[in-house]
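All remarks here apply to the structure that follows.
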Amino acid sequence: MLERQFQNKFLEAGCDEAGRGCLAGPVVAAAVILSENMDLSLLNDSKILSESKRKAAAEFIKSNALAWAIAEVDHEEIDKINILKASIKAMHLALDKLKKRPKFIIIDGNRFYKYKNIPHQTIVDGDAKYASIAAASILAKTYRDELMLKLHEQYPVYAWNQNKGYATKLHKTMIATNGVSPLHRRTFAPVSQVIQLTLNI
C-alpha cells in the first residue's frame with residue numbers, strides 16, 4: 001500500500017516525469033496534491049499498471065485530487081539543456097500550473113532543483129512508495145502516451161503507437177533505415193549516430 005504523504009505538517013505535492021529515456025518527443029511531468037480523504041486504491045506506479053488501469057486512474061485523479069497539473073518540455077529544449085534539466089524544468093512548470101500552492105514537494109528520483117524556496121525531498125522509486133508521486137507518474141505517462149499516438153499519425157514509420165518513442169530495437173532500426181524525424185532528440189546516441197553517418201556519406 002502506498003503511503004499517503006512523506007510528512008504531515010504541510011500541504012504536499014508529488015512530482016514525476018515520463019519520457020526521460022525516449023529518443024523522440026517531449027518529456028512530460030505532472031504535479032499532484034491529493035485531497036485529504038482521497039481513495040488510494042487505484043493508484044500505483046504507472047509502469048506496473050495496465051494501460052486501461054492507468055487511464056481509469058488518470059480520470060479518477062483528475063476528478064478527485066485537490067490539485068493537479070501537467071507540463072512538457074519539447075525535444076528541442078531537451079537537446080539544448082540536456083534531459084535532466086529538461087525533466088526538472090517540466091516539473092517546475094507543472095508546479096507553476098497548480099491551482100493550490102504546496103508547502104512541501106516530493107519528487108521521484110534523486111535529483112531536483114529548488115523550487116521557489118519550497119522545501120522538497122527526492123525519493124528513489126518514489127512512484128512505488130508515495131501516492132502523490134504515483135498519481136503524478138500516471139498523469140504524466142497517460143498524457144505523453146496519448147501525445148505520441150497523435151504524433152505517430154504524422155510519422156508512422158517509427159511505430160510510435162507501439163514504442164511511444166522509447167529506444168526499442170524496432171525504433172532504432174527505423175531510425176537507421178529512414179533517417180531522423182524533426183521530433184527526434186538529436187543529442188541522444190542512437191539518433192546522433194545516424195545523423196553522423198549521414199554527414200559522413
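FYI, nothing fancy with the C-alpha cells labels: chains A, B, ... in order, residues from 1 per chain, ligands from 1 as they appear.
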Residues at most 6 Å from Gly165 of chain A, counting only C-alpha atoms, excluding those fewer than 5 positions away in the same chain, as a list in words? Cys22, Leu23, Ala24 and Trp160 of chain A
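Within segment 29-89 of chain A, DSSP applied to the backbone places the following residues in strand (DSSP E or B): Ala29, Ala30, Ala31, Val32, Ile33, Ala67, Trp68, Ala69, Ile70, Ala71, Glu72 and Val73 of chain A.
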Pick from A:Met174, A:Met38, A:Leu49, A:Ala86 nearest to Ala128 of chain A, counting only C-alpha atoms: A:Leu49
Could you work out how far atom CA of Ala58 of chain A lies from atom CA of Phe112 of chain A, giving the answer in Å with one decimal? 24.3 Å
Determine which residues of segment 42-107 of chain A receive a DSSP assignment of helix (DSSP H, G or I), computed from the backbone, and state them as a PyMOL selection string. chain A and resi 46-48+51-64+75-81+83-97
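One finds atom CA of Ile105 of chain A at 19.3 Å from atom CA of Ser46 of chain A.
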Which residues are near Asn64 of chain A? Cut-off 9 Å, only C-alpha atoms, ignore same chain within fewer than 5 positions. Put them as a list in words. Leu34, Ser35, Met38, Asp39 and Glu59 of chain A
Output file for the residues above (N, CA and C atoms, as a PDB file, in the first residue's frame):
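selection_3.pdb written:
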```
ATOM      1  N   LEU A  34      -2.918  15.521  -3.365  1.00  0.00           N
ATOM      2  CA  LEU A  34      -4.051  14.661  -3.065  1.00  0.00           C
ATOM      3  C   LEU A  34      -5.034  15.372  -2.142  1.00  0.00           C
ATOM      4  N   SER A  35      -6.306  15.070  -2.301  1.00  0.00           N
ATOM      5  CA  SER A  35      -7.290  15.543  -1.328  1.00  0.00           C
ATOM      6  C   SER A  35      -7.181  14.692  -0.067  1.00  0.00           C
ATOM      7  N   MET A  38      -8.880  11.161  -0.081  1.00  0.00           N
ATOM      8  CA  MET A  38      -8.906  10.530  -1.404  1.00  0.00           C
ATOM      9  C   MET A  38      -8.580   9.038  -1.317  1.00  0.00           C
ATOM     10  N   ASP A  39      -9.386   8.232  -1.987  1.00  0.00           N
ATOM     11  CA  ASP A  39      -9.162   6.785  -2.058  1.00  0.00           C
ATOM     12  C   ASP A  39      -7.892   6.522  -2.859  1.00  0.00           C
ATOM     13  N   GLU A  59      -8.257   9.456 -14.862  1.00  0.00           N
ATOM     14  CA  GLU A  59      -9.541  10.152 -14.768  1.00  0.00           C
ATOM     15  C   GLU A  59      -9.961  10.321 -13.310  1.00  0.00           C
TER      16      GLU A  59
END
```
Nearest to Lys150 of chain A, chosen from A:Lys85, A:Arg101, A:Lys164, A:Lys53, with only C-alpha atoms counted in the distances: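 Under the stated criterion, the closest residue is A:Lys164.
The residue that comes closest to Val73 of chain A, out of A:Pro119, A:Gly126, A:Pro102, A:Pro26 and on the basis of only C-alpha atoms, is A:Pro26.
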